[in-house]
Amino acid sequence: MQKEHSPREWLTERLALRTAGEADAPQIISFLYRNRLFLEPWEPKRSPEYYTEGLQRRELRLEQEKMENGLMWRVWVYLREDAGRQKVIGSVALNNIVRGAFLSCHLGYRMDQDYLNKGYVTEAIREAVRYAFEELGLHRVEANVMPRNAPSLRVLEKLGFQPEGLARKYLKINGVWEDHVHMTMLNEAME
């Protein structure tokens, strides 16, 4: 029998970052569906099934297993004032967490189109990086961004990420192999 997920939450000045379980699937689908056209140019091609409760519940189960095994950390972003945590406005993830000599992960994030240009993405990523360095003990956080995604590149630069080069045809985004700027931040406390 599958154990029930107990969400964990991290608070920033204006946001609540919360892990999710299967019961959160409807809120997550609402976020994904209302932002589907906005996110389409920046994400892998999505089938209609992606927006169904069955698929999202499976994804959340797999995500929870990965988190329990220390392979990833994903939180869903809410406004802190949303005491009931009813409306997801984004997500931040530390994917592909590798231990050993590497101590690294890949950062992924997305924000509701109606909540852009308010500093929420920056605030959420800042907390994710803090978590990666202080709680997970990682040395490096990597982010890969398409060169034409200037707003995302500006957010990372503002937070202190440094460009390390261009990865040609790095990820298949919306059906096309896209170049990505490889950005990194190092945990200077570990130097």
# chains A, B, ... in the order shown; residues from 1 in each chain; ligands from 1
$ select_by_dssp --residues "range 9-170 of chain A" --states "helix (DSSP H, G or I)" --output "PyMOL selection string"
chain A and resi 22-34+36-42+48-51+53-68+113-115+120-135+150-159
$ residues_around --residues "Gln64 in chain A" --least-positions-apart "2" --cutoff "12 Å" --atoms "only C-alpha atoms" --output "PDB file with C-alpha atoms, in the first residue's frame"
ATOM      1  CA  GLN A   2       1.278   3.462  -0.966  1.00  0.00           C
ATOM      2  CA  LYS A   3       1.924   5.729   2.017  1.00  0.00           C
ATOM      3  CA  GLU A   4       0.248   9.131   2.023  1.00  0.00           C
ATOM      4  CA  HIS A   5       2.457  12.119   1.186  1.00  0.00           C
ATOM      5  CA  SER A   6       2.974  14.669   3.950  1.00  0.00           C
ATOM      6  CA  PRO A   7       3.877  17.941   2.259  1.00  0.00           C
ATOM      7  CA  ARG A   8       6.852  19.956   3.427  1.00  0.00           C
ATOM      8  CA  THR A  19       6.081  19.602  -2.049  1.00  0.00           C
ATOM      9  CA  ALA A  20       3.056  17.944  -3.619  1.00  0.00           C
ATOM     10  CA  GLY A  21       1.256  14.624  -3.426  1.00  0.00           C
ATOM     11  CA  GLU A  22      -1.380  13.011  -5.591  1.00  0.00           C
ATOM     12  CA  ARG A  57      -1.081  11.594 -10.249  1.00  0.00           C
ATOM     13  CA  ARG A  58       1.421   9.102 -11.737  1.00  0.00           C
ATOM     14  CA  GLU A  59       3.955  11.900 -12.239  1.00  0.00           C
ATOM     15  CA  LEU A  60       3.521  13.025  -8.634  1.00  0.00           C
ATOM     16  CA  ARG A  61       4.024   9.432  -7.377  1.00  0.00           C
ATOM     17  CA  LEU A  62       7.244   9.113  -9.404  1.00  0.00           C
ATOM     18  CA  LYS A  66      12.708  10.355  -6.596  1.00  0.00           C
ATOM     19  CA  MET A  67      12.603  12.827  -3.714  1.00  0.00           C
ATOM     20  CA  GLU A  68      12.603  10.018  -1.138  1.00  0.00           C
ATOM     21  CA  ASN A  69      15.658   8.548  -2.904  1.00  0.00           C
ATOM     22  CA  GLY A  70      17.472  11.905  -2.959  1.00  0.00           C
ATOM     23  CA  LEU A  71      17.425  12.194  -6.760  1.00  0.00           C
ATOM     24  CA  MET A  72      15.330  15.359  -6.993  1.00  0.00           C
ATOM     25  CA  TRP A  73      13.521  18.073  -5.039  1.00  0.00           C
ATOM     26  CA  ARG A  74      10.474  19.824  -6.477  1.00  0.00           C
ATOM     27  CA  VAL A  75       8.292  22.423  -4.860  1.00  0.00           C
TER      28      VAL A  75
END
$ residues_around --residues "range 173-188 of chain A" --least-positions-apart "3" --cutoff "9 Å" --atoms "only C-alpha atoms" --output "compact mmCIF listing (two decimals) with N, CA and C atoms, in the first residue's frame"
# COMPACT_ATOMS: atom_id res chain seq x y z
N GLU A 40 4.52 26.52 -23.76
CA GLU A 40 4.80 25.67 -24.92
C GLU A 40 6.15 25.92 -25.59
N PRO A 41 6.58 27.17 -25.82
CA PRO A 41 7.87 27.38 -26.50
C PRO A 41 9.09 27.01 -25.65
N TRP A 42 8.90 26.75 -24.34
CA TRP A 42 10.02 26.55 -23.43
C TRP A 42 10.11 25.14 -22.87
N GLU A 43 9.16 24.27 -23.23
CA GLU A 43 9.11 22.94 -22.63
C GLU A 43 9.00 21.87 -23.71
N PRO A 44 9.21 20.60 -23.32
CA PRO A 44 9.00 19.51 -24.29
C PRO A 44 7.56 19.52 -24.79
N LYS A 45 7.36 18.96 -25.97
CA LYS A 45 6.01 18.86 -26.55
C LYS A 45 5.15 18.02 -25.62
N ARG A 46 3.96 18.50 -25.33
CA ARG A 46 3.04 17.82 -24.41
C ARG A 46 1.85 17.23 -25.16
N VAL A 129 18.18 27.43 -4.47
CA VAL A 129 19.65 27.38 -4.43
C VAL A 129 20.13 27.29 -2.98
N ALA A 132 19.63 23.78 -1.97
CA ALA A 132 20.62 22.91 -2.61
C ALA A 132 21.96 22.97 -1.87
N PHE A 133 22.38 24.17 -1.53
CA PHE A 133 23.69 24.34 -0.91
C PHE A 133 23.68 24.03 0.59
N GLU A 134 22.71 24.57 1.32
CA GLU A 134 22.72 24.45 2.78
C GLU A 134 22.10 23.16 3.30
N GLY A 137 23.72 20.07 0.66
CA GLY A 137 25.18 20.03 0.64
C GLY A 137 25.78 19.90 -0.75
N LEU A 138 25.09 20.45 -1.75
CA LEU A 138 25.60 20.36 -3.11
C LEU A 138 26.64 21.45 -3.36
N HIS A 139 27.50 21.19 -4.33
CA HIS A 139 28.57 22.13 -4.68
C HIS A 139 28.19 23.00 -5.88
N ARG A 140 27.29 22.49 -6.73
CA ARG A 140 27.03 23.15 -8.01
C ARG A 140 25.56 23.00 -8.38
N VAL A 141 24.97 24.11 -8.84
CA VAL A 141 23.62 24.09 -9.41
C VAL A 141 23.76 24.56 -10.86
N GLU A 142 23.25 23.77 -11.78
CA GLU A 142 23.35 24.07 -13.20
C GLU A 142 21.96 24.39 -13.76
N ALA A 143 21.91 25.37 -14.66
CA ALA A 143 20.67 25.71 -15.34
C ALA A 143 20.99 25.88 -16.82
N ASN A 144 20.11 25.41 -17.67
CA ASN A 144 20.31 25.51 -19.11
C ASN A 144 19.13 26.27 -19.70
N VAL A 145 19.44 27.34 -20.43
CA VAL A 145 18.41 28.25 -20.92
C VAL A 145 18.64 28.53 -22.41
N MET A 146 17.58 28.52 -23.18
CA MET A 146 17.71 28.87 -24.60
C MET A 146 18.16 30.32 -24.73
N PRO A 147 19.08 30.59 -25.65
CA PRO A 147 19.61 31.96 -25.80
C PRO A 147 18.53 33.02 -26.02
N LEU A 153 17.42 34.29 -18.63
CA LEU A 153 18.87 34.52 -18.49
C LEU A 153 19.13 35.67 -17.52
N LEU A 156 18.72 34.51 -13.86
CA LEU A 156 19.87 33.72 -13.40
C LEU A 156 21.09 34.60 -13.17
N GLU A 157 21.34 35.53 -14.09
CA GLU A 157 22.49 36.44 -13.91
C GLU A 157 22.33 37.27 -12.66
N LEU A 159 20.89 36.49 -9.97
CA LEU A 159 21.13 35.64 -8.81
C LEU A 159 22.60 35.23 -8.66
N GLY A 160 23.41 35.49 -9.68
CA GLY A 160 24.83 35.16 -9.59
C GLY A 160 25.26 33.95 -10.39
N PHE A 161 24.37 33.39 -11.22
CA PHE A 161 24.77 32.28 -12.09
C PHE A 161 25.72 32.82 -13.15
N GLN A 162 26.70 32.02 -13.52
CA GLN A 162 27.69 32.40 -14.51
C GLN A 162 27.54 31.54 -15.76
N PRO A 163 27.66 32.13 -16.96
CA PRO A 163 27.60 31.33 -18.19
C PRO A 163 28.89 30.52 -18.36
N GLU A 164 28.74 29.27 -18.77
CA GLU A 164 29.91 28.41 -19.00
C GLU A 164 29.99 27.94 -20.44
N GLY A 165 29.14 28.46 -21.29
CA GLY A 165 29.22 28.09 -22.70
C GLY A 165 27.88 27.73 -23.28
N LEU A 166 27.91 27.43 -24.56
CA LEU A 166 26.71 27.08 -25.31
C LEU A 166 26.70 25.58 -25.58
N ALA A 167 25.62 24.94 -25.19
CA ALA A 167 25.43 23.52 -25.48
C ALA A 167 24.55 23.43 -26.72
N ARG A 168 25.13 22.99 -27.83
CA ARG A 168 24.40 22.93 -29.10
C ARG A 168 23.38 21.79 -29.09
N LYS A 169 22.17 22.13 -29.58
CA LYS A 169 21.09 21.14 -29.69
C LYS A 169 21.00 20.28 -28.42
N TYR A 170 20.92 20.93 -27.29
CA TYR A 170 21.02 20.30 -25.97
C TYR A 170 19.75 19.57 -25.54
N GLU A 191 34.42 25.92 -1.03
CA GLU A 191 35.73 26.07 -1.69
C GLU A 191 36.86 25.84 -0.73
$ closest_residue --among "A:Pro48, A:Leu171, A:Gly90, A:Lys158" --to "Tyr120 in chain A" --atoms "only C-alpha atoms"
A:Gly90
$ closest_residue --among "A:Val88, A:Ala25, A:Val77, A:Ala189" --to "Thr52 in chain A" --atoms "only C-alpha atoms"
A:Ala25
$ atom_distance --atom1 "CA of Arg80 in chain A" --atom2 "CA of Leu107 in chain A"
22.2 Å
$ select_by_dssp --residues "range 6-189 of chain A" --states "strand (DSSP E)" --output "PyMOL selection string"
chain A and resi 9-11+15-18+73-79+90-98+104-111+140-145+162-173+176-186
$ write_last_selection --atoms "C-alpha atoms" --output "PDB file, in the first residue's frame"
ATOM      1  CA  GLU A   9       6.874  23.700   3.059  1.00  0.00           C
ATOM      2  CA  TRP A  10       9.494  26.438   2.895  1.00  0.00           C
ATOM      3  CA  LEU A  11       8.497  30.083   3.336  1.00  0.00           C
ATOM      4  CA  LEU A  15       5.999  32.807  -1.240  1.00  0.00           C
ATOM      5  CA  ALA A  16       5.255  29.341   0.095  1.00  0.00           C
ATOM      6  CA  LEU A  17       7.212  26.552  -1.631  1.00  0.00           C
ATOM      7  CA  ARG A  18       5.543  23.203  -1.040  1.00  0.00           C
ATOM      8  CA  TRP A  73      13.521  18.073  -5.039  1.00  0.00           C
ATOM      9  CA  ARG A  74      10.474  19.824  -6.477  1.00  0.00           C
ATOM     10  CA  VAL A  75       8.292  22.423  -4.860  1.00  0.00           C
ATOM     11  CA  TRP A  76       5.189  24.098  -6.158  1.00  0.00           C
ATOM     12  CA  VAL A  77       4.980  27.840  -5.658  1.00  0.00           C
ATOM     13  CA  TYR A  78       2.075  29.589  -3.940  1.00  0.00           C
ATOM     14  CA  LEU A  79       1.654  33.136  -2.717  1.00  0.00           C
ATOM     15  CA  GLY A  90       4.851  28.062 -10.439  1.00  0.00           C
ATOM     16  CA  SER A  91       7.332  25.325  -9.669  1.00  0.00           C
ATOM     17  CA  VAL A  92      11.032  24.991  -8.990  1.00  0.00           C
ATOM     18  CA  ALA A  93      12.964  21.747  -9.175  1.00  0.00           C
ATOM     19  CA  LEU A  94      16.437  20.446  -8.492  1.00  0.00           C
ATOM     20  CA  ASN A  95      16.691  17.503 -10.901  1.00  0.00           C
ATOM     21  CA  ASN A  96      19.341  14.864 -11.518  1.00  0.00           C
ATOM     22  CA  ILE A  97      20.927  15.265  -8.099  1.00  0.00           C
ATOM     23  CA  VAL A  98      24.302  13.522  -8.179  1.00  0.00           C
ATOM     24  CA  SER A 104      25.566  18.757  -8.515  1.00  0.00           C
ATOM     25  CA  CYS A 105      22.031  19.142  -9.862  1.00  0.00           C
ATOM     26  CA  HIS A 106      20.045  20.764 -12.669  1.00  0.00           C
ATOM     27  CA  LEU A 107      17.671  23.611 -11.880  1.00  0.00           C
ATOM     28  CA  GLY A 108      14.286  23.825 -13.576  1.00  0.00           C
ATOM     29  CA  TYR A 109      11.553  26.402 -13.024  1.00  0.00           C
ATOM     30  CA  ARG A 110       8.398  27.876 -14.478  1.00  0.00           C
ATOM     31  CA  MET A 111       6.022  30.634 -13.464  1.00  0.00           C
ATOM     32  CA  ARG A 140      27.033  23.150  -8.006  1.00  0.00           C
ATOM     33  CA  VAL A 141      23.622  24.091  -9.412  1.00  0.00           C
ATOM     34  CA  GLU A 142      23.350  24.066 -13.203  1.00  0.00           C
ATOM     35  CA  ALA A 143      20.668  25.712 -15.343  1.00  0.00           C
ATOM     36  CA  ASN A 144      20.306  25.511 -19.111  1.00  0.00           C
ATOM     37  CA  VAL A 145      18.407  28.248 -20.920  1.00  0.00           C
ATOM     38  CA  GLN A 162      27.694  32.402 -14.510  1.00  0.00           C
ATOM     39  CA  PRO A 163      27.604  31.326 -18.190  1.00  0.00           C
ATOM     40  CA  GLU A 164      29.907  28.410 -18.997  1.00  0.00           C
ATOM     41  CA  GLY A 165      29.224  28.089 -22.700  1.00  0.00           C
ATOM     42  CA  LEU A 166      26.711  27.076 -25.308  1.00  0.00           C
ATOM     43  CA  ALA A 167      25.429  23.515 -25.484  1.00  0.00           C
ATOM     44  CA  ARG A 168      24.400  22.933 -29.100  1.00  0.00           C
ATOM     45  CA  LYS A 169      21.087  21.140 -29.687  1.00  0.00           C
ATOM     46  CA  TYR A 170      21.024  20.295 -25.974  1.00  0.00           C
ATOM     47  CA  LEU A 171      17.319  19.637 -25.301  1.00  0.00           C
ATOM     48  CA  LYS A 172      14.334  18.805 -27.465  1.00  0.00           C
ATOM     49  CA  ILE A 173      11.929  21.653 -26.734  1.00  0.00           C
ATOM     50  CA  VAL A 176      12.940  20.975 -31.876  1.00  0.00           C
ATOM     51  CA  TRP A 177      16.506  20.346 -30.678  1.00  0.00           C
ATOM     52  CA  GLU A 178      17.438  23.705 -29.149  1.00  0.00           C
ATOM     53  CA  ASP A 179      20.781  25.251 -28.198  1.00  0.00           C
ATOM     54  CA  HIS A 180      21.074  26.214 -24.512  1.00  0.00           C
ATOM     55  CA  VAL A 181      23.336  28.539 -22.560  1.00  0.00           C
ATOM     56  CA  HIS A 182      24.864  26.518 -19.720  1.00  0.00           C
ATOM     57  CA  MET A 183      24.699  28.591 -16.507  1.00  0.00           C
ATOM     58  CA  THR A 184      26.104  27.540 -13.138  1.00  0.00           C
ATOM     59  CA  MET A 185      26.335  28.697  -9.571  1.00  0.00           C
ATOM     60  CA  LEU A 186      28.926  27.260  -7.197  1.00  0.00           C
TER      61      LEU A 186
END
$ decode --residues "range 81-93 of chain A" --atoms "all heavy atoms" --output "mmCIF file, in the first residue's frame"
data_model
loop_
_atom_site.group_PDB
_atom_site.id
_atom_site.type_symbol
_atom_site.label_atom_id
_atom_site.label_comp_id
_atom_site.auth_asym_id
_atom_site.auth_seq_id
_atom_site.Cartn_x
_atom_site.Cartn_y
_atom_site.Cartn_z
ATOM 1 N N GLU A 81 0.363 34.540 1.082
ATOM 2 C CA GLU A 81 -0.936 34.982 1.591
ATOM 3 C C GLU A 81 -2.061 33.997 1.276
ATOM 4 O O GLU A 81 -3.142 34.071 1.853
ATOM 5 C CB GLU A 81 -1.280 36.366 1.032
ATOM 6 C CG GLU A 81 -1.466 36.357 -0.469
ATOM 7 C CD GLU A 81 -1.415 37.734 -1.120
ATOM 8 O OE1 GLU A 81 -0.715 38.614 -0.598
ATOM 9 O OE2 GLU A 81 -2.073 37.894 -2.150
ATOM 10 N N ASP A 82 -1.818 33.035 0.366
ATOM 11 C CA ASP A 82 -2.797 32.000 0.018
ATOM 12 C C ASP A 82 -2.722 30.907 1.090
ATOM 13 O O ASP A 82 -2.112 29.861 0.899
ATOM 14 C CB ASP A 82 -2.482 31.443 -1.376
ATOM 15 C CG ASP A 82 -3.403 30.312 -1.816
ATOM 16 O OD1 ASP A 82 -4.363 29.981 -1.089
ATOM 17 O OD2 ASP A 82 -3.136 29.740 -2.894
ATOM 18 N N ALA A 83 -3.345 31.175 2.241
ATOM 19 C CA ALA A 83 -3.216 30.300 3.406
ATOM 20 C C ALA A 83 -3.679 28.872 3.131
ATOM 21 O O ALA A 83 -3.144 27.930 3.692
ATOM 22 C CB ALA A 83 -3.987 30.886 4.586
ATOM 23 N N GLY A 84 -4.657 28.702 2.251
ATOM 24 C CA GLY A 84 -5.156 27.369 1.939
ATOM 25 C C GLY A 84 -4.381 26.665 0.845
ATOM 26 O O GLY A 84 -4.680 25.535 0.496
ATOM 27 N N ARG A 85 -3.364 27.348 0.285
ATOM 28 C CA ARG A 85 -2.540 26.800 -0.802
ATOM 29 C C ARG A 85 -3.440 26.265 -1.908
ATOM 30 O O ARG A 85 -3.370 25.109 -2.303
ATOM 31 C CB ARG A 85 -1.587 25.713 -0.296
ATOM 32 C CG ARG A 85 -0.737 26.124 0.895
ATOM 33 C CD ARG A 85 0.237 27.243 0.573
ATOM 34 N NE ARG A 85 1.035 27.592 1.736
ATOM 35 C CZ ARG A 85 0.975 28.759 2.370
ATOM 36 N NH1 ARG A 85 0.172 29.715 1.948
ATOM 37 N NH2 ARG A 85 1.727 28.995 3.416
ATOM 38 N N GLN A 86 -4.301 27.166 -2.416
ATOM 39 C CA GLN A 86 -5.286 26.785 -3.425
ATOM 40 C C GLN A 86 -4.846 27.022 -4.859
ATOM 41 O O GLN A 86 -5.356 26.371 -5.761
ATOM 42 C CB GLN A 86 -6.590 27.546 -3.175
ATOM 43 C CG GLN A 86 -7.255 27.187 -1.865
ATOM 44 C CD GLN A 86 -7.591 25.712 -1.769
ATOM 45 O OE1 GLN A 86 -8.242 25.161 -2.647
ATOM 46 N NE2 GLN A 86 -7.123 25.061 -0.730
ATOM 47 N N LYS A 87 -3.905 27.974 -5.093
ATOM 48 C CA LYS A 87 -3.546 28.309 -6.474
ATOM 49 C C LYS A 87 -2.041 28.208 -6.686
ATOM 50 O O LYS A 87 -1.266 29.026 -6.186
ATOM 51 C CB LYS A 87 -4.020 29.717 -6.827
ATOM 52 C CG LYS A 87 -3.782 30.059 -8.286
ATOM 53 C CD LYS A 87 -4.323 31.422 -8.640
ATOM 54 C CE LYS A 87 -4.140 31.690 -10.126
ATOM 55 N NZ LYS A 87 -4.614 33.022 -10.495
ATOM 56 N N VAL A 88 -1.640 27.208 -7.463
ATOM 57 C CA VAL A 88 -0.236 27.052 -7.838
ATOM 58 C C VAL A 88 0.111 28.160 -8.828
ATOM 59 O O VAL A 88 -0.609 28.375 -9.802
ATOM 60 C CB VAL A 88 0.011 25.678 -8.494
ATOM 61 C CG1 VAL A 88 1.410 25.576 -9.056
ATOM 62 C CG2 VAL A 88 -0.265 24.553 -7.515
ATOM 63 N N ILE A 89 1.228 28.874 -8.569
ATOM 64 C CA ILE A 89 1.656 29.915 -9.509
ATOM 65 C C ILE A 89 3.014 29.603 -10.140
ATOM 66 O O ILE A 89 3.525 30.404 -10.917
ATOM 67 C CB ILE A 89 1.677 31.315 -8.856
ATOM 68 C CG1 ILE A 89 2.722 31.399 -7.744
ATOM 69 C CG2 ILE A 89 0.282 31.690 -8.366
ATOM 70 C CD1 ILE A 89 3.049 32.826 -7.326
ATOM 71 N N GLY A 90 3.587 28.435 -9.825
ATOM 72 C CA GLY A 90 4.851 28.062 -10.439
ATOM 73 C C GLY A 90 5.421 26.817 -9.807
ATOM 74 O O GLY A 90 4.808 26.212 -8.915
ATOM 75 N N SER A 91 6.602 26.444 -10.277
ATOM 76 C CA SER A 91 7.332 25.325 -9.669
ATOM 77 C C SER A 91 8.820 25.559 -9.841
ATOM 78 O O SER A 91 9.258 26.259 -10.760
ATOM 79 C CB SER A 91 6.920 23.983 -10.288
ATOM 80 O OG SER A 91 7.404 23.864 -11.603
ATOM 81 N N VAL A 92 9.570 24.973 -8.929
ATOM 82 C CA VAL A 92 11.032 24.991 -8.990
ATOM 83 C C VAL A 92 11.493 23.590 -8.652
ATOM 84 O O VAL A 92 10.977 22.963 -7.725
ATOM 85 C CB VAL A 92 11.644 25.987 -7.978
ATOM 86 C CG1 VAL A 92 13.158 25.999 -8.082
ATOM 87 C CG2 VAL A 92 11.095 27.381 -8.176
ATOM 88 N N ALA A 93 12.470 23.101 -9.406
ATOM 89 C CA ALA A 93 12.964 21.747 -9.175
ATOM 90 C C ALA A 93 14.482 21.698 -9.243
ATOM 91 O O ALA A 93 15.110 22.416 -10.026
ATOM 92 C CB ALA A 93 12.372 20.786 -10.203
#
